[in-house]
Amino acid sequence: MNKPLSVLPLNLGLMAASPQAGAQQGGYRLPPAALQDIVDAARAPALSLSPQRNLVAVIQTPPLPGIAEVAQPELKLAGLRINPRTCSSSRFSFGTDLALLDVATRKESRIRGLPRSLRLSDLSWSPDQRYLAFSHVALQGEHGAVELWVVDIEERKARKLSPQPLSTVLTRGFNWLPDSSALLVHWRPAGIGKPPASSGVPFGPIEQDSTSDGHVRQLRTYQDLLKNEDDARLFEYYITVQMALVDVHGKTRLVGAPGPFSRTSIAPSGEYILTQSMTRPYSYIVPVSSFGERLEVRDMHGEVVHTVANLPLEEGLPPGNDAVSEGVRHVAWRADAPASLAWAEAQDGGDPAREVIDGIRDLVMLHAAPFREPPLVLARLTMRYAGIAWGRDDVALINERWHKTRDYKQWMIAPGHLSRPPELIHAGSYEDRYNSPGSPVLRADLNGFPRLLIGPGTTVLLDGAGATPEGDRPFIDRLSLTTRQKERLFQSAAPYFENVAAILSDDGTLLLTTRESPTERPNYYLRDLNKPEGEQLTALTHYPHPTPQLRDVYKEQIRYRRADGVELTATLMLPPGYDAARDGPLPMLMWAYPQEFKSVGAASQNTGSPYRFNAVSYWGPAAFLAMGYAVLDNPSFPIVGTGDDEPNDTYLPQLVASAEAAVEEVVRRGVADRHRIAIGGHSYGAFMTGNLLAHTRLFRAGIARSGAYNRTLTPFGFQSEERPYWQAPAVYQAMSPFNNADKIKDAMLLIHGAEDSNSGTFPLQSERMFQAIKGLGGTARLVMLPNESHAYRARESIMHMLYETNAWLEKYVRHASA
């Protein structure tokens, strides 16, 4: 698929707690100036390409927000984080300025009339490109609102469009009609009143039931769930919205009555609205994504003309990563038809262990307006439905995959000629990066719906990462769907890494790319493939190096072998000016994240590119190059389970073998001192860190951020482990570093967001791990970052995180002896 450009910065800040071993001191700390400079380095703007691909919206990325921003009021209901002041998600990121860049002339123009102190949350081009709508989160004292604004592209002028604040708790709150005449918006209902207040007196006991039907269900562990009826009424208050049509002149018309709409989408014809509404009963053990829903088709006045499905509350799925809901799922409009719905429907009750007739796991259905005739079968799949790229009546590409085996297939079907048999386009393993064909390129049509870019002779364009043993080399191919012949139009070449951001011409010869090298920051370029090789590139942006003081860091993509023969990859980074022969081995920080595979071949494949920019971010380990450490970033830690074997059955020996191989390689190269190496990671990488400290003496210290350490607290699976605890208790017990806390003899720093909402990494995990190590006489430190979730956002948090990490490395690694 063509990569979007309108990705706004998501992790805009972080925060922290006491840096002392006990609880007697507090306050945020600053790391050394060299690390502060990395945090405060200028950020590149985010870009959004227009439908006609000749203009780019440039959204300025702000500095990290302060803790006052992150610590705004927050409600935690049904797995949602809600800012009650603005009736929006509380964890959004925003832009602080908006401009337009002309692709042909490369001139940037200012937009007049933007709101003061712009906090741009979402934006969307009208299909005809005459307007650009965006939401602005306005804050005034203790009050706030999400406002809808629109930019007139010809006048380069912005104005507030909607008189009523938007509700963006579950959606972004606005979508263009296909003819660009108006937007369908989600308003906060006028006259809804104040949120329901709890009396403090219980309504009654909290009751939950489980009937012994013999059906096993996976129930992952979730945060922020409803706790009682007061929570349920508050939840209903914040998800209730009023649909309305607001034209480009500000004229409005209500669409139906207010309701708990979790999603609304307009048919390509502009005649119907597909709505999804939350239904009772709610649940105290699963989040909103598992609540019951009513799917209906409405006319443009809000009247229901067809009920698609009434989906019940779903408290867990059958065991296995290939388990899905029993009823209809993935209901959406067919992009290349006026008003047809498509969806998938499991034929095995959603249970991958159940036998099925003729091997058919999923049916993909098609139902055309006015919905009087029964739906038709579009495709019969032997694996799980994994999406469809619509083209026209005779061409669509449909995908299926099966996690258990990592198998993947892509078929060409003819949605307008259902008697025509499907044709296999590609089959293989989706973890086999070397043989990945790439994703079909999509382009928004005149109605704003993404469709296959189909060329003469029924050809499509494929956009791929181009993984090779020498590193990733992104490419664009032209594939004939009739002959299966491929033509390579473009491929990144050394000494640069060039990635295709968008296809600007229908034939794929004019590209918008990002181009970078180890010393050159990614910038946007126009590449015209019709010109001679040396004349193809035209620079569109000129972003300077964000950390020029680290321009000359050394980076190398290295390969080495594990004891069992599995080939491993890592990125070795060394401080500017360092010479191993002259300066000797350095203290080192390794940073990793294990990954499961079903084949040794896939696990041994190269990842990354030696020609990527030497980016030094505050979030990863590279920041500590500024403090004189060597860094081994993303060393492979593959956990392989071939055939019927599950990867985690041999998790520990494979984990230890990968760590031993990495240590031996950096020591062999003379860049790291064997006795001064630290290991670290975030989330599953923190879990890895705990295990390596418990089962090896390879590392002098560990840095574990936002991790989980006791797998009995995630008993219905974690990562790719699909067996519940009761099917594999020995695996869960062996993999839990908490159970081996008495073996941890080296220093472990635990950092965790105090409001972590990630399934499986409750803050309790770090608290209990710290208590275990402390009680057993080990060396550990726990830092809980107030108001932070799984990833940290506030500038104070990020600074404190770096302060703690640097102090830990200085104390236990830099000056360590053999």
# chains A, B, ... in the order shown; residues from 1 in each chain; ligands from 1
>>> residues_around(residues="stretch 617-622 of chain A", least_positions_apart="5", cutoff="7 Å", atoms="only C-alpha atoms", output="list in words")
Ile38, Val39, Leu589, Trp591, Val631 and Asp633 of chain A
>>> write_last_selection(atoms="C-alpha atoms", output="mmCIF file, in the first residue's frame")
data_model
loop_
_atom_site.group_PDB
_atom_site.id
_atom_site.type_symbol
_atom_site.label_atom_id
_atom_site.label_comp_id
_atom_site.auth_asym_id
_atom_site.auth_seq_id
_atom_site.Cartn_x
_atom_site.Cartn_y
_atom_site.Cartn_z
ATOM 1 C CA ILE A 38 19.385 15.238 22.024
ATOM 2 C CA VAL A 39 15.978 15.589 23.696
ATOM 3 C CA LEU A 589 24.894 -0.642 26.024
ATOM 4 C CA TRP A 591 19.281 -2.767 23.399
ATOM 5 C CA VAL A 631 26.057 0.826 21.373
ATOM 6 C CA ASP A 633 21.270 -1.593 18.710
#
>>> select_by_dssp(residues="stretch 332-563 of chain A", states="strand (DSSP E or B)", output="MDAnalysis selection string")
chainID A and resid 332:333 340:346 362:368 376:381 384:392 395:402 407:413 423:429 439:440 442:444 450:452 454:455 459:464 475:480 486:491 497:503 510:517 520:528 537:539 554:561
>>> residues_around(residues="stretch 510-519 of chain A", least_positions_apart="5", cutoff="10 Å", atoms="only C-alpha atoms", output="PyMOL selection string")
chain A and resi 49+53+103+476+490+492+494-505+524-531+536-541+545+548+550-556+609-615
>>> closest_atom_pairs(of="stretch 279-377 of chain A", to="stretch 245-267 of chain A", cutoff="7 Å", atoms="only C-alpha atoms", output="Markdown table")
| residue | atom | partner | partner_atom | distance |
| --- | --- | --- | --- | --- |
| A:Met300 | CA | A:Val255 | CA | 6.8 |
| A:His301 | CA | A:Val255 | CA | 4.9 |
| A:Gly302 | CA | A:Gly256 | CA | 4.2 |
| A:Glu303 | CA | A:Gly256 | CA | 6.6 |
| A:Trp333 | CA | A:Ala267 | CA | 6.1 |
| A:Pro338 | CA | A:Ala267 | CA | 6.6 |
| A:Ala339 | CA | A:Ala267 | CA | 5.4 |
>>> write_last_selection(atoms="C-alpha atoms", output="mmCIF file, in the first residue's frame")
data_model
loop_
_atom_site.group_PDB
_atom_site.id
_atom_site.type_symbol
_atom_site.label_atom_id
_atom_site.label_comp_id
_atom_site.auth_asym_id
_atom_site.auth_seq_id
_atom_site.Cartn_x
_atom_site.Cartn_y
_atom_site.Cartn_z
ATOM 1 C CA MET A 300 -28.482 10.793 4.914
ATOM 2 C CA HIS A 301 -31.253 11.861 7.316
ATOM 3 C CA GLY A 302 -30.280 9.213 9.860
ATOM 4 C CA GLU A 303 -33.142 6.771 9.229
ATOM 5 C CA TRP A 333 -17.860 -0.224 1.998
ATOM 6 C CA PRO A 338 -21.623 3.031 -5.254
ATOM 7 C CA ALA A 339 -22.968 1.279 -2.148
#
>>> closest_residue(among="A:Asp348, A:Asp179, A:Asp336, A:Asp432", to="A:Ala368", atoms="only C-alpha atoms")
A:Asp336
>>> residues_around(residues="A:Pro319", least_positions_apart="2", cutoff="10 Å", atoms="only C-alpha atoms", output="PyMOL selection string")
chain A and resi 215-219+316-317+321-324+350-353+716-717+722-724
>>> residues_around(residues="A:Arg392", least_positions_apart="6", cutoff="9 Å", atoms="only C-alpha atoms", output="JSON list (two decimals) with N, CA and C atoms, in the first residue's frame")
[["chain", "number", "residue", "atom", "x", "y", "z"],
["A", 335, "ALA", "N", -14.84, -0.03, -2.07],
["A", 335, "ALA", "CA", -14.37, 1.28, -2.50],
["A", 335, "ALA", "C", -14.73, 1.61, -3.94],
["A", 336, "ASP", "N", -14.89, 0.59, -4.80],
["A", 336, "ASP", "CA", -15.10, 0.85, -6.23],
["A", 336, "ASP", "C", -16.54, 0.61, -6.68],
["A", 337, "ALA", "N", -17.48, 0.66, -5.76],
["A", 337, "ALA", "CA", -18.89, 0.48, -6.09],
["A", 337, "ALA", "C", -19.69, 1.56, -5.36],
["A", 414, "ALA", "N", -12.72, -11.19, -9.18],
["A", 414, "ALA", "CA", -13.50, -10.27, -9.99],
["A", 414, "ALA", "C", -14.82, -10.00, -9.26],
["A", 415, "PRO", "N", -14.90, -8.93, -8.46],
["A", 415, "PRO", "CA", -16.10, -8.68, -7.65],
["A", 415, "PRO", "C", -17.39, -8.55, -8.48],
["A", 416, "GLY", "N", -17.26, -8.12, -9.73],
["A", 416, "GLY", "CA", -18.45, -7.98, -10.57],
["A", 416, "GLY", "C", -18.76, -9.21, -11.39],
["A", 451, "ARG", "N", -8.10, 2.95, -3.98],
["A", 451, "ARG", "CA", -8.29, 1.90, -4.98],
["A", 451, "ARG", "C", -6.95, 1.54, -5.63],
["A", 452, "LEU", "N", -6.90, 0.33, -6.16],
["A", 452, "LEU", "CA", -5.70, -0.10, -6.86],
["A", 452, "LEU", "C", -5.39, 0.84, -8.02],
["A", 454, "ILE", "N", -4.40, 0.77, -11.34],
["A", 454, "ILE", "CA", -4.35, -0.24, -12.40],
["A", 454, "ILE", "C", -3.92, 0.41, -13.71]]
>>> select_by_dssp(residues="stretch 518-594 of chain A", states="alpha helix (DSSP H)", output="PyMOL selection string")
chain A and resi 580-583
>>> write_last_selection(atoms="C-alpha atoms", output="JSON list (two decimals), in the first residue's frame")
[["chain", "number", "residue", "atom", "x", "y", "z"],
["A", 580, "ALA", "CA", 39.50, 0.67, 18.68],
["A", 581, "ALA", "CA", 43.24, 0.13, 18.16],
["A", 582, "ARG", "CA", 44.11, 3.44, 19.79],
["A", 583, "ASP", "CA", 41.41, 3.78, 22.45]]
>>> residues_around(residues="A:Trp187", least_positions_apart="6", cutoff="6 Å", atoms="only C-alpha atoms", output="number ranges by chain")
A: 165-167, 241-242
>>> atom_distance(atom1="atom CA of A:Gly66", atom2="atom CA of A:Arg795")
5.4 Å
>>> residues_around(residues="stretch 689-706 of chain A", least_positions_apart="3", cutoff="7 Å", atoms="only C-alpha atoms", output="number ranges by chain")
A: 656, 675-683, 685-686, 737, 740-741, 743-744, 746-753, 761, 790, 812-813
>>> write_last_selection(atoms="C-alpha atoms", output="PDB file, in the first residue's frame")
ATOM      1  CA  VAL A 656      20.969 -16.944  26.247  1.00  0.00           C
ATOM      2  CA  HIS A 675      33.122  -6.843  31.899  1.00  0.00           C
ATOM      3  CA  ARG A 676      31.435  -3.515  31.092  1.00  0.00           C
ATOM      4  CA  ILE A 677      28.344  -4.367  29.060  1.00  0.00           C
ATOM      5  CA  ALA A 678      24.753  -3.445  29.973  1.00  0.00           C
ATOM      6  CA  ILE A 679      21.603  -4.931  28.455  1.00  0.00           C
ATOM      7  CA  GLY A 680      18.337  -3.055  28.089  1.00  0.00           C
ATOM      8  CA  GLY A 681      14.965  -2.961  26.420  1.00  0.00           C
ATOM      9  CA  HIS A 682      11.417  -1.646  26.493  1.00  0.00           C
ATOM     10  CA  SER A 683       8.287  -3.754  27.068  1.00  0.00           C
ATOM     11  CA  GLY A 685      12.724  -6.093  25.728  1.00  0.00           C
ATOM     12  CA  ALA A 686      12.486  -5.366  29.459  1.00  0.00           C
ATOM     13  CA  PRO A 737      12.192 -13.724  35.612  1.00  0.00           C
ATOM     14  CA  ASN A 740      14.265 -16.419  39.341  1.00  0.00           C
ATOM     15  CA  ALA A 741      14.727 -13.087  41.097  1.00  0.00           C
ATOM     16  CA  LYS A 743      19.469 -15.467  40.733  1.00  0.00           C
ATOM     17  CA  ILE A 744      19.764 -11.804  39.699  1.00  0.00           C
ATOM     18  CA  ASP A 746      23.776  -7.724  38.740  1.00  0.00           C
ATOM     19  CA  ALA A 747      22.190  -4.288  39.020  1.00  0.00           C
ATOM     20  CA  MET A 748      18.714  -3.852  37.501  1.00  0.00           C
ATOM     21  CA  LEU A 749      17.052  -0.477  36.887  1.00  0.00           C
ATOM     22  CA  LEU A 750      13.284  -0.680  36.414  1.00  0.00           C
ATOM     23  CA  ILE A 751      11.419   2.285  34.898  1.00  0.00           C
ATOM     24  CA  HIS A 752       7.672   2.193  34.358  1.00  0.00           C
ATOM     25  CA  GLY A 753       4.854   4.580  33.470  1.00  0.00           C
ATOM     26  CA  THR A 761       2.482  -4.622  31.404  1.00  0.00           C
ATOM     27  CA  HIS A 790       3.404   2.534  28.114  1.00  0.00           C
ATOM     28  CA  TYR A 812      27.582  -0.025  37.561  1.00  0.00           C
ATOM     29  CA  VAL A 813      29.101  -0.228  34.069  1.00  0.00           C
TER      30      VAL A 813
END
>>> atom_distance(atom1="atom CA of A:Glu665", atom2="atom CA of A:Asn648")
25.0 Å
>>> atom_distance(atom1="atom CA of A:Leu161", atom2="atom CA of A:Pro73")
27.1 Å
>>> closest_residue(among="A:Leu80, A:Leu75, A:Ala182, A:Ala396", to="A:Asp128", atoms="only C-alpha atoms")
A:Ala182
>>> closest_residue(among="A:Pro440, A:Gly670, A:Pro205, A:Pro51", to="A:Arg130", atoms="only C-alpha atoms")
A:Pro51
>>> closest_residue(among="A:Arg372, A:Arg674, A:Arg669, A:Arg443", to="A:Leu461", atoms="only C-alpha atoms")
A:Arg443
>>> closest_residue(among="A:Gly320, A:Pro115, A:Pro370, A:Gly457", to="A:Leu139", atoms="only C-alpha atoms")
A:Pro115
>>> decode(residues="stretch 249-390 of chain A", atoms="C-alpha atoms", output="compact mmCIF listing (two decimals), in the first residue's frame")
# COMPACT_ATOMS: atom_id res chain seq x y z
CA HIS A 249 -20.03 27.46 4.16
CA GLY A 250 -20.88 26.41 7.72
CA LYS A 251 -24.55 25.54 7.13
CA THR A 252 -25.52 22.58 9.31
CA ARG A 253 -28.21 19.88 9.41
CA LEU A 254 -28.64 17.27 12.13
CA VAL A 255 -28.57 13.62 11.05
CA GLY A 256 -30.88 11.55 13.25
CA ALA A 257 -30.84 11.54 17.04
CA PRO A 258 -27.81 11.39 19.35
CA GLY A 259 -26.41 7.94 19.94
CA PRO A 260 -23.36 5.96 21.11
CA PHE A 261 -21.76 5.80 17.65
CA SER A 262 -18.32 4.23 17.65
CA ARG A 263 -17.84 4.57 13.90
CA THR A 264 -19.58 6.15 10.91
CA SER A 265 -18.56 5.90 7.25
CA ILE A 266 -20.21 7.23 4.12
CA ALA A 267 -20.79 5.08 1.01
CA PRO A 268 -18.90 6.12 -2.15
CA SER A 269 -22.22 7.21 -3.69
CA GLY A 270 -22.87 9.57 -0.78
CA GLU A 271 -26.35 8.08 -0.26
CA TYR A 272 -25.83 5.97 2.86
CA ILE A 273 -24.02 5.99 6.20
CA LEU A 274 -22.73 2.82 7.83
CA THR A 275 -22.98 3.26 11.59
CA GLN A 276 -21.70 1.18 14.48
CA SER A 277 -23.37 1.76 17.86
CA MET A 278 -22.29 0.43 21.24
CA THR A 279 -24.90 -1.75 22.96
CA ARG A 280 -25.45 -3.05 26.46
CA PRO A 281 -24.65 -5.16 28.40
CA TYR A 282 -21.15 -3.86 29.05
CA SER A 283 -18.35 -5.77 30.71
CA TYR A 284 -16.04 -5.39 33.69
CA ILE A 285 -13.35 -7.69 32.24
CA VAL A 286 -12.89 -6.58 28.61
CA PRO A 287 -12.50 -3.12 26.99
CA VAL A 288 -14.79 -1.27 24.60
CA SER A 289 -13.38 -3.10 21.57
CA SER A 290 -15.16 -6.25 22.77
CA PHE A 291 -18.50 -4.64 23.63
CA GLY A 292 -21.61 -5.46 21.65
CA GLU A 293 -22.34 -3.39 18.54
CA ARG A 294 -25.25 -2.77 16.25
CA LEU A 295 -24.24 -2.25 12.61
CA GLU A 296 -26.78 -0.38 10.53
CA VAL A 297 -27.07 1.36 7.19
CA ARG A 298 -28.82 4.73 7.39
CA ASP A 299 -29.90 7.27 4.84
CA MET A 300 -28.48 10.79 4.91
CA HIS A 301 -31.25 11.86 7.32
CA GLY A 302 -30.28 9.21 9.86
CA GLU A 303 -33.14 6.77 9.23
CA VAL A 304 -32.20 3.09 9.44
CA VAL A 305 -32.73 1.38 6.08
CA HIS A 306 -30.93 -1.90 6.78
CA THR A 307 -29.54 -3.74 9.80
CA VAL A 308 -26.28 -5.48 8.97
CA ALA A 309 -25.72 -7.28 12.27
CA ASN A 310 -26.23 -7.16 16.01
CA LEU A 311 -22.95 -8.30 17.50
CA PRO A 312 -23.02 -9.48 21.12
CA LEU A 313 -20.61 -8.67 23.92
CA GLU A 314 -17.54 -10.88 23.48
CA GLU A 315 -15.70 -11.74 26.68
CA GLY A 316 -12.75 -13.53 25.15
CA LEU A 317 -12.01 -15.53 22.02
CA PRO A 318 -11.22 -19.23 21.55
CA PRO A 319 -7.57 -20.16 22.17
CA GLY A 320 -5.00 -19.36 19.51
CA ASN A 321 -3.72 -16.36 17.59
CA ASP A 322 -5.88 -17.39 14.64
CA ALA A 323 -9.06 -17.08 16.72
CA VAL A 324 -11.59 -14.46 15.60
CA SER A 325 -15.12 -13.36 16.41
CA GLU A 326 -17.87 -15.79 15.54
CA GLY A 327 -20.06 -13.31 13.65
CA VAL A 328 -19.43 -10.80 10.89
CA ARG A 329 -16.27 -8.73 11.14
CA HIS A 330 -14.38 -6.10 9.14
CA VAL A 331 -17.57 -4.61 7.69
CA ALA A 332 -16.73 -1.82 5.23
CA TRP A 333 -17.86 -0.22 2.00
CA ARG A 334 -16.53 -1.60 -1.25
CA ALA A 335 -14.37 1.28 -2.50
CA ASP A 336 -15.10 0.85 -6.23
CA ALA A 337 -18.89 0.48 -6.09
CA PRO A 338 -21.62 3.03 -5.25
CA ALA A 339 -22.97 1.28 -2.15
CA SER A 340 -21.91 -2.30 -1.46
CA LEU A 341 -20.81 -3.71 1.88
CA ALA A 342 -18.17 -6.40 2.29
CA TRP A 343 -17.30 -8.38 5.38
CA ALA A 344 -15.68 -11.61 6.60
CA GLU A 345 -17.53 -14.36 8.43
CA ALA A 346 -15.83 -17.30 10.17
CA GLN A 347 -17.07 -20.77 9.25
CA ASP A 348 -15.47 -22.42 12.27
CA GLY A 349 -17.13 -20.30 14.94
CA GLY A 350 -13.87 -18.34 15.14
CA ASP A 351 -12.11 -21.36 16.66
CA PRO A 352 -8.96 -22.41 14.74
CA ALA A 353 -9.01 -25.83 16.44
CA ARG A 354 -12.43 -26.72 15.00
CA GLU A 355 -12.67 -28.88 11.88
CA VAL A 356 -14.34 -27.20 8.90
CA ILE A 357 -16.09 -28.43 5.78
CA ASP A 358 -13.88 -28.41 2.66
CA GLY A 359 -11.20 -26.57 4.65
CA ILE A 360 -13.02 -23.22 4.39
CA ARG A 361 -12.25 -21.02 7.40
CA ASP A 362 -13.65 -17.68 6.25
CA LEU A 363 -16.26 -16.50 3.80
CA VAL A 364 -16.03 -12.99 2.43
CA MET A 365 -19.48 -11.63 1.67
CA LEU A 366 -20.74 -8.83 -0.59
CA HIS A 367 -24.10 -7.08 -0.17
CA ALA A 368 -25.26 -4.32 -2.52
CA ALA A 369 -27.79 -1.55 -1.87
CA PRO A 370 -30.73 -1.37 -1.52
CA PHE A 371 -30.01 -4.57 0.47
CA ARG A 372 -33.21 -6.37 -0.53
CA GLU A 373 -31.45 -9.39 -2.03
CA PRO A 374 -29.39 -11.76 0.13
CA PRO A 375 -25.62 -11.19 0.28
CA LEU A 376 -23.35 -13.00 -2.17
CA VAL A 377 -20.18 -14.99 -1.49
CA LEU A 378 -17.22 -13.01 -2.77
CA ALA A 379 -14.47 -15.45 -1.69
CA ARG A 380 -13.95 -18.72 0.17
CA LEU A 381 -10.71 -18.74 2.17
CA THR A 382 -8.83 -21.60 3.81
CA MET A 383 -7.11 -19.16 6.18
CA ARG A 384 -8.15 -15.94 7.88
CA TYR A 385 -9.24 -12.95 5.84
CA ALA A 386 -6.48 -10.30 5.90
CA GLY A 387 -7.88 -7.43 3.85
CA ILE A 388 -8.77 -6.52 0.29
CA ALA A 389 -7.55 -3.93 -2.21
CA TRP A 390 -10.41 -2.86 -4.46
